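Source file: structure35.cif. Holds: mmCIF, N, CA and C atoms.
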```cif
data_upload
#
loop_
_atom_site.label_atom_id
_atom_site.label_comp_id
_atom_site.auth_asym_id
_atom_site.auth_seq_id
_atom_site.Cartn_x
_atom_site.Cartn_y
_atom_site.Cartn_z
N TYR P 1077 51.68 -93.23 53.87
CA TYR P 1077 50.24 -93.18 53.98
C TYR P 1077 49.80 -92.83 55.40
N ALA P 1078 50.46 -93.37 56.38
CA ALA P 1078 50.10 -93.11 57.78
C ALA P 1078 50.28 -91.63 58.13
N MET P 1079 51.34 -91.01 57.62
CA MET P 1079 51.58 -89.59 57.89
C MET P 1079 50.45 -88.74 57.30
N ALA P 1080 50.06 -89.03 56.08
CA ALA P 1080 48.98 -88.28 55.44
C ALA P 1080 47.67 -88.45 56.21
N ALA P 1081 47.40 -89.66 56.67
CA ALA P 1081 46.19 -89.91 57.44
C ALA P 1081 46.21 -89.15 58.76
N GLU P 1082 47.36 -89.08 59.40
CA GLU P 1082 47.48 -88.35 60.67
C GLU P 1082 47.28 -86.85 60.45
N ILE P 1083 47.86 -86.32 59.40
CA ILE P 1083 47.68 -84.89 59.09
C ILE P 1083 46.22 -84.59 58.80
N LYS P 1084 45.60 -85.45 58.02
CA LYS P 1084 44.19 -85.26 57.68
C LYS P 1084 43.32 -85.29 58.94
N GLN P 1085 43.57 -86.26 59.80
CA GLN P 1085 42.80 -86.38 61.04
C GLN P 1085 43.01 -85.17 61.93
N SER P 1086 44.24 -84.68 62.03
CA SER P 1086 44.52 -83.50 62.84
C SER P 1086 43.83 -82.27 62.29
N MET P 1087 43.80 -82.15 60.97
CA MET P 1087 43.13 -81.00 60.36
C MET P 1087 41.63 -81.04 60.64
N TYR P 1088 41.02 -82.21 60.50
CA TYR P 1088 39.59 -82.34 60.78
C TYR P 1088 39.28 -82.05 62.25
N THR P 1089 40.12 -82.53 63.14
CA THR P 1089 39.93 -82.27 64.57
C THR P 1089 40.06 -80.78 64.86
N PHE P 1090 41.06 -80.14 64.25
CA PHE P 1090 41.23 -78.70 64.44
C PHE P 1090 39.99 -77.95 63.94
N TYR P 1091 39.52 -78.33 62.78
CA TYR P 1091 38.33 -77.69 62.20
C TYR P 1091 37.12 -77.86 63.12
N ARG P 1092 36.93 -79.09 63.67
CA ARG P 1092 35.83 -79.33 64.59
C ARG P 1092 35.94 -78.47 65.85
N LEU P 1093 37.16 -78.32 66.36
CA LEU P 1093 37.37 -77.50 67.56
C LEU P 1093 37.04 -76.04 67.30
N ILE P 1094 37.41 -75.54 66.13
CA ILE P 1094 37.09 -74.14 65.79
C ILE P 1094 35.59 -73.93 65.69
N ILE P 1095 34.91 -74.86 65.04
CA ILE P 1095 33.45 -74.76 64.92
C ILE P 1095 32.81 -74.83 66.30
N THR P 1096 33.27 -75.74 67.13
CA THR P 1096 32.73 -75.89 68.48
C THR P 1096 32.97 -74.62 69.30
N ALA P 1097 34.16 -74.06 69.22
CA ALA P 1097 34.47 -72.84 69.97
C ALA P 1097 33.59 -71.68 69.52
N ASN P 1098 33.32 -71.63 68.24
CA ASN P 1098 32.49 -70.55 67.71
C ASN P 1098 31.06 -70.63 68.25
N LEU P 1099 30.58 -71.84 68.53
CA LEU P 1099 29.20 -72.01 68.97
C LEU P 1099 29.04 -72.02 70.49
N LYS P 1100 30.12 -72.21 71.23
CA LYS P 1100 30.05 -72.27 72.69
C LYS P 1100 30.05 -70.88 73.31
N TYR P 1101 29.47 -70.82 74.50
CA TYR P 1101 29.52 -69.58 75.26
C TYR P 1101 30.88 -69.45 75.94
N TYR P 1102 31.35 -70.53 76.58
CA TYR P 1102 32.68 -70.54 77.20
C TYR P 1102 33.65 -71.18 76.21
N LYS P 1103 34.51 -70.38 75.62
CA LYS P 1103 35.34 -70.80 74.51
C LYS P 1103 36.77 -71.15 74.90
N LYS P 1104 37.20 -70.73 76.08
CA LYS P 1104 38.62 -70.77 76.43
C LYS P 1104 39.25 -72.15 76.31
N THR P 1105 38.66 -73.16 76.91
CA THR P 1105 39.27 -74.49 76.88
C THR P 1105 39.26 -75.08 75.48
N THR P 1106 38.20 -74.84 74.73
CA THR P 1106 38.14 -75.35 73.36
C THR P 1106 39.18 -74.69 72.49
N LEU P 1107 39.39 -73.38 72.67
CA LEU P 1107 40.41 -72.68 71.90
C LEU P 1107 41.81 -73.15 72.28
N GLN P 1108 42.01 -73.46 73.56
CA GLN P 1108 43.31 -74.00 73.98
C GLN P 1108 43.55 -75.37 73.36
N ASP P 1109 42.51 -76.18 73.27
CA ASP P 1109 42.63 -77.48 72.60
C ASP P 1109 42.96 -77.30 71.11
N ALA P 1110 42.34 -76.30 70.50
CA ALA P 1110 42.63 -76.01 69.09
C ALA P 1110 44.08 -75.56 68.92
N ASP P 1111 44.58 -74.80 69.88
CA ASP P 1111 45.97 -74.34 69.83
C ASP P 1111 46.93 -75.52 69.92
N VAL P 1112 46.62 -76.49 70.75
CA VAL P 1112 47.44 -77.70 70.86
C VAL P 1112 47.41 -78.46 69.55
N ARG P 1113 46.24 -78.58 68.94
CA ARG P 1113 46.11 -79.30 67.68
C ARG P 1113 46.87 -78.58 66.56
N LEU P 1114 46.85 -77.25 66.59
CA LEU P 1114 47.60 -76.48 65.59
C LEU P 1114 49.10 -76.73 65.76
N GLU P 1115 49.56 -76.80 66.98
CA GLU P 1115 50.97 -77.10 67.23
C GLU P 1115 51.32 -78.49 66.71
N MET P 1116 50.39 -79.42 66.85
CA MET P 1116 50.62 -80.77 66.32
C MET P 1116 50.73 -80.73 64.79
N LEU P 1117 49.90 -79.92 64.16
CA LEU P 1117 49.97 -79.78 62.70
C LEU P 1117 51.32 -79.19 62.27
N ARG P 1118 51.81 -78.24 63.04
CA ARG P 1118 53.14 -77.68 62.75
C ARG P 1118 54.22 -78.74 62.85
N MET P 1119 54.12 -79.55 63.91
CA MET P 1119 55.09 -80.62 64.10
C MET P 1119 55.02 -81.64 62.97
N LEU P 1120 53.83 -81.98 62.54
CA LEU P 1120 53.68 -82.93 61.44
C LEU P 1120 54.22 -82.35 60.14
N ASN P 1121 54.06 -81.05 59.93
CA ASN P 1121 54.62 -80.40 58.75
C ASN P 1121 56.15 -80.49 58.78
N ASP P 1122 56.72 -80.20 59.94
CA ASP P 1122 58.19 -80.30 60.08
C ASP P 1122 58.66 -81.73 59.83
N LEU P 1123 57.96 -82.68 60.39
CA LEU P 1123 58.34 -84.08 60.24
C LEU P 1123 58.21 -84.53 58.78
N SER P 1124 57.17 -84.08 58.10
CA SER P 1124 57.00 -84.42 56.69
C SER P 1124 58.16 -83.91 55.85
N TYR P 1125 58.62 -82.72 56.18
CA TYR P 1125 59.76 -82.17 55.45
C TYR P 1125 61.05 -82.92 55.80
N ASP P 1126 61.24 -83.19 57.08
CA ASP P 1126 62.44 -83.91 57.52
C ASP P 1126 62.55 -85.30 56.89
N LEU P 1127 61.41 -85.94 56.68
CA LEU P 1127 61.39 -87.28 56.09
C LEU P 1127 61.33 -87.23 54.55
N HIS P 1128 61.41 -86.03 54.00
CA HIS P 1128 61.41 -85.81 52.55
C HIS P 1128 60.11 -86.25 51.87
N TYR P 1129 59.00 -86.13 52.59
CA TYR P 1129 57.70 -86.41 51.97
C TYR P 1129 57.21 -85.20 51.18
N ILE P 1130 57.66 -84.01 51.59
CA ILE P 1130 57.30 -82.79 50.87
C ILE P 1130 58.57 -82.00 50.58
N ASP P 1131 58.51 -81.17 49.55
CA ASP P 1131 59.68 -80.36 49.20
C ASP P 1131 59.65 -79.04 49.97
N ILE P 1132 60.71 -78.26 49.82
CA ILE P 1132 60.87 -77.02 50.58
C ILE P 1132 59.78 -76.00 50.24
N LYS P 1133 59.36 -75.96 48.98
CA LYS P 1133 58.33 -75.01 48.58
C LYS P 1133 57.01 -75.28 49.29
N ARG P 1134 56.60 -76.53 49.29
CA ARG P 1134 55.34 -76.90 49.94
C ARG P 1134 55.45 -76.71 51.45
N TYR P 1135 56.62 -77.06 52.02
CA TYR P 1135 56.84 -76.88 53.45
C TYR P 1135 56.67 -75.42 53.85
N GLU P 1136 57.29 -74.53 53.09
CA GLU P 1136 57.21 -73.10 53.42
C GLU P 1136 55.79 -72.58 53.26
N LEU P 1137 55.09 -73.02 52.24
CA LEU P 1137 53.71 -72.59 52.03
C LEU P 1137 52.83 -73.03 53.20
N ILE P 1138 52.95 -74.28 53.58
CA ILE P 1138 52.15 -74.79 54.70
C ILE P 1138 52.53 -74.09 56.00
N ALA P 1139 53.82 -73.88 56.21
CA ALA P 1139 54.28 -73.20 57.44
C ALA P 1139 53.72 -71.78 57.52
N ARG P 1140 53.72 -71.05 56.39
CA ARG P 1140 53.16 -69.69 56.39
C ARG P 1140 51.68 -69.71 56.71
N GLN P 1141 50.96 -70.66 56.14
CA GLN P 1141 49.52 -70.74 56.40
C GLN P 1141 49.24 -71.11 57.85
N LEU P 1142 50.00 -72.04 58.39
CA LEU P 1142 49.82 -72.41 59.79
C LEU P 1142 50.16 -71.25 60.72
N ASN P 1143 51.17 -70.47 60.38
CA ASN P 1143 51.51 -69.30 61.18
C ASN P 1143 50.40 -68.26 61.16
N GLU P 1144 49.81 -68.06 60.00
CA GLU P 1144 48.70 -67.10 59.90
C GLU P 1144 47.50 -67.58 60.73
N ILE P 1145 47.20 -68.86 60.65
CA ILE P 1145 46.12 -69.42 61.45
C ILE P 1145 46.45 -69.25 62.94
N GLY P 1146 47.71 -69.45 63.30
CA GLY P 1146 48.13 -69.28 64.69
C GLY P 1146 47.95 -67.85 65.16
N ARG P 1147 48.26 -66.89 64.31
CA ARG P 1147 48.05 -65.49 64.69
C ARG P 1147 46.57 -65.19 64.90
N LEU P 1148 45.72 -65.69 64.02
CA LEU P 1148 44.28 -65.48 64.17
C LEU P 1148 43.76 -66.15 65.43
N LEU P 1149 44.20 -67.37 65.67
CA LEU P 1149 43.77 -68.10 66.86
C LEU P 1149 44.27 -67.42 68.13
N GLY P 1150 45.51 -66.96 68.11
CA GLY P 1150 46.06 -66.24 69.26
C GLY P 1150 45.27 -64.97 69.57
N GLY P 1151 44.88 -64.24 68.54
CA GLY P 1151 44.06 -63.05 68.74
C GLY P 1151 42.71 -63.39 69.34
N TRP P 1152 42.13 -64.48 68.88
CA TRP P 1152 40.84 -64.92 69.40
C TRP P 1152 40.98 -65.31 70.87
N ILE P 1153 42.05 -66.02 71.21
CA ILE P 1153 42.27 -66.44 72.60
C ILE P 1153 42.47 -65.22 73.50
N LYS P 1154 43.24 -64.25 73.03
CA LYS P 1154 43.45 -63.01 73.82
C LYS P 1154 42.13 -62.28 74.02
N ASN P 1155 41.29 -62.24 73.00
CA ASN P 1155 40.00 -61.57 73.09
C ASN P 1155 39.08 -62.27 74.10
N VAL P 1156 39.14 -63.58 74.14
CA VAL P 1156 38.32 -64.35 75.09
C VAL P 1156 38.79 -64.15 76.51
N ASN P 1157 40.10 -63.99 76.70
CA ASN P 1157 40.66 -63.84 78.05
C ASN P 1157 40.40 -62.48 78.67
N LYS P 1158 39.93 -61.52 77.90
CA LYS P 1158 39.67 -60.18 78.45
C LYS P 1158 38.53 -60.17 79.42
#
```
structure tokens encoding of this file:
Amino acid sequence: YAMAAEIKQSMYTFYRLIITANLKYYKKTTLQDADVRLEMLRMLNDLSYDLHYIDIKRYELIARQLNEIGRLLGGWIKNVNK
């Protein structure tokens, strides 16, 4: 239960950071915070699989989605740094 609560909280925090970055004029630090939170979500996904809370199919699906979000976030960060 604690793992699920932590994942849920991290997802909500990530979502809040994305919304905040979208509304701010200076986005760089907020996007960096979102990148850290995304890395935490990746770590929690790995840990969930290692502890056998999720099966390989779900792990791979979540990992692919997190990677896609990471690519989008990375592009946004590069665009802000220009």
Q: Give me the residues within 12 Å of region 1146-1157 of chain P as a PyMOL selection string, counting only C-alpha atoms and dropping any in the same chain fewer than 5 places off.
A: chain P and resi 1090-1091+1093-1094+1097-1098+1100-1118+1139-1141
Q) In Å, how far is it from atom N of Tyr1125 (chain P) to atom C of Tyr1088 (chain P)? A) 20.3 Å
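In terms of minimum interatomic distance to Met1087 (chain P), P:Asn1121 ranks closest within P:Asp1126, P:Arg1134, P:Asn1121, P:Lys1158, counting only C-alpha atoms.
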For region 1116-1136 of chain P, supply N, CA, C and O atoms and format the output as a compact mmCIF listing (two decimals), in the frame of the given file.
```txt
# COMPACT_ATOMS: atom_id res chain seq x y z
N MET P 1116 50.39 -79.42 66.85
CA MET P 1116 50.62 -80.77 66.32
C MET P 1116 50.73 -80.73 64.79
O MET P 1116 51.56 -81.42 64.20
N LEU P 1117 49.90 -79.92 64.16
CA LEU P 1117 49.97 -79.78 62.70
C LEU P 1117 51.32 -79.19 62.27
O LEU P 1117 51.90 -79.61 61.27
N ARG P 1118 51.81 -78.24 63.04
CA ARG P 1118 53.14 -77.68 62.75
C ARG P 1118 54.22 -78.74 62.85
O ARG P 1118 55.11 -78.84 62.01
N MET P 1119 54.12 -79.55 63.91
CA MET P 1119 55.09 -80.62 64.10
C MET P 1119 55.02 -81.64 62.97
O MET P 1119 56.05 -82.10 62.48
N LEU P 1120 53.83 -81.98 62.54
CA LEU P 1120 53.68 -82.93 61.44
C LEU P 1120 54.22 -82.35 60.14
O LEU P 1120 54.79 -83.09 59.32
N ASN P 1121 54.06 -81.05 59.93
CA ASN P 1121 54.62 -80.40 58.75
C ASN P 1121 56.15 -80.49 58.78
O ASN P 1121 56.78 -80.83 57.77
N ASP P 1122 56.72 -80.20 59.94
CA ASP P 1122 58.19 -80.30 60.08
C ASP P 1122 58.66 -81.73 59.83
O ASP P 1122 59.65 -81.95 59.13
N LEU P 1123 57.96 -82.68 60.39
CA LEU P 1123 58.34 -84.08 60.24
C LEU P 1123 58.21 -84.53 58.78
O LEU P 1123 59.08 -85.25 58.27
N SER P 1124 57.17 -84.08 58.10
CA SER P 1124 57.00 -84.42 56.69
C SER P 1124 58.16 -83.91 55.85
O SER P 1124 58.65 -84.60 54.95
N TYR P 1125 58.62 -82.72 56.18
CA TYR P 1125 59.76 -82.17 55.45
C TYR P 1125 61.05 -82.92 55.80
O TYR P 1125 61.84 -83.26 54.90
N ASP P 1126 61.24 -83.19 57.08
CA ASP P 1126 62.44 -83.91 57.52
C ASP P 1126 62.55 -85.30 56.89
O ASP P 1126 63.64 -85.78 56.60
N LEU P 1127 61.41 -85.94 56.68
CA LEU P 1127 61.39 -87.28 56.09
C LEU P 1127 61.33 -87.23 54.55
O LEU P 1127 61.18 -88.27 53.92
N HIS P 1128 61.41 -86.03 54.00
CA HIS P 1128 61.41 -85.81 52.55
C HIS P 1128 60.11 -86.25 51.87
O HIS P 1128 60.12 -86.68 50.73
N TYR P 1129 59.00 -86.13 52.59
CA TYR P 1129 57.70 -86.41 51.97
C TYR P 1129 57.21 -85.20 51.18
O TYR P 1129 56.43 -85.36 50.25
N ILE P 1130 57.66 -84.01 51.59
CA ILE P 1130 57.30 -82.79 50.87
C ILE P 1130 58.57 -82.00 50.58
O ILE P 1130 59.57 -82.15 51.29
N ASP P 1131 58.51 -81.17 49.55
CA ASP P 1131 59.68 -80.36 49.20
C ASP P 1131 59.65 -79.04 49.97
O ASP P 1131 58.69 -78.73 50.67
N ILE P 1132 60.71 -78.26 49.82
CA ILE P 1132 60.87 -77.02 50.58
C ILE P 1132 59.78 -76.00 50.24
O ILE P 1132 59.30 -75.28 51.12
N LYS P 1133 59.36 -75.96 48.98
CA LYS P 1133 58.33 -75.01 48.58
C LYS P 1133 57.01 -75.28 49.29
O LYS P 1133 56.37 -74.38 49.83
N ARG P 1134 56.60 -76.53 49.29
CA ARG P 1134 55.34 -76.90 49.94
C ARG P 1134 55.45 -76.71 51.45
O ARG P 1134 54.53 -76.26 52.11
N TYR P 1135 56.62 -77.06 52.02
CA TYR P 1135 56.84 -76.88 53.45
C TYR P 1135 56.67 -75.42 53.85
O TYR P 1135 55.98 -75.11 54.82
N GLU P 1136 57.29 -74.53 53.09
CA GLU P 1136 57.21 -73.10 53.42
C GLU P 1136 55.79 -72.58 53.26
O GLU P 1136 55.33 -71.77 54.08
```
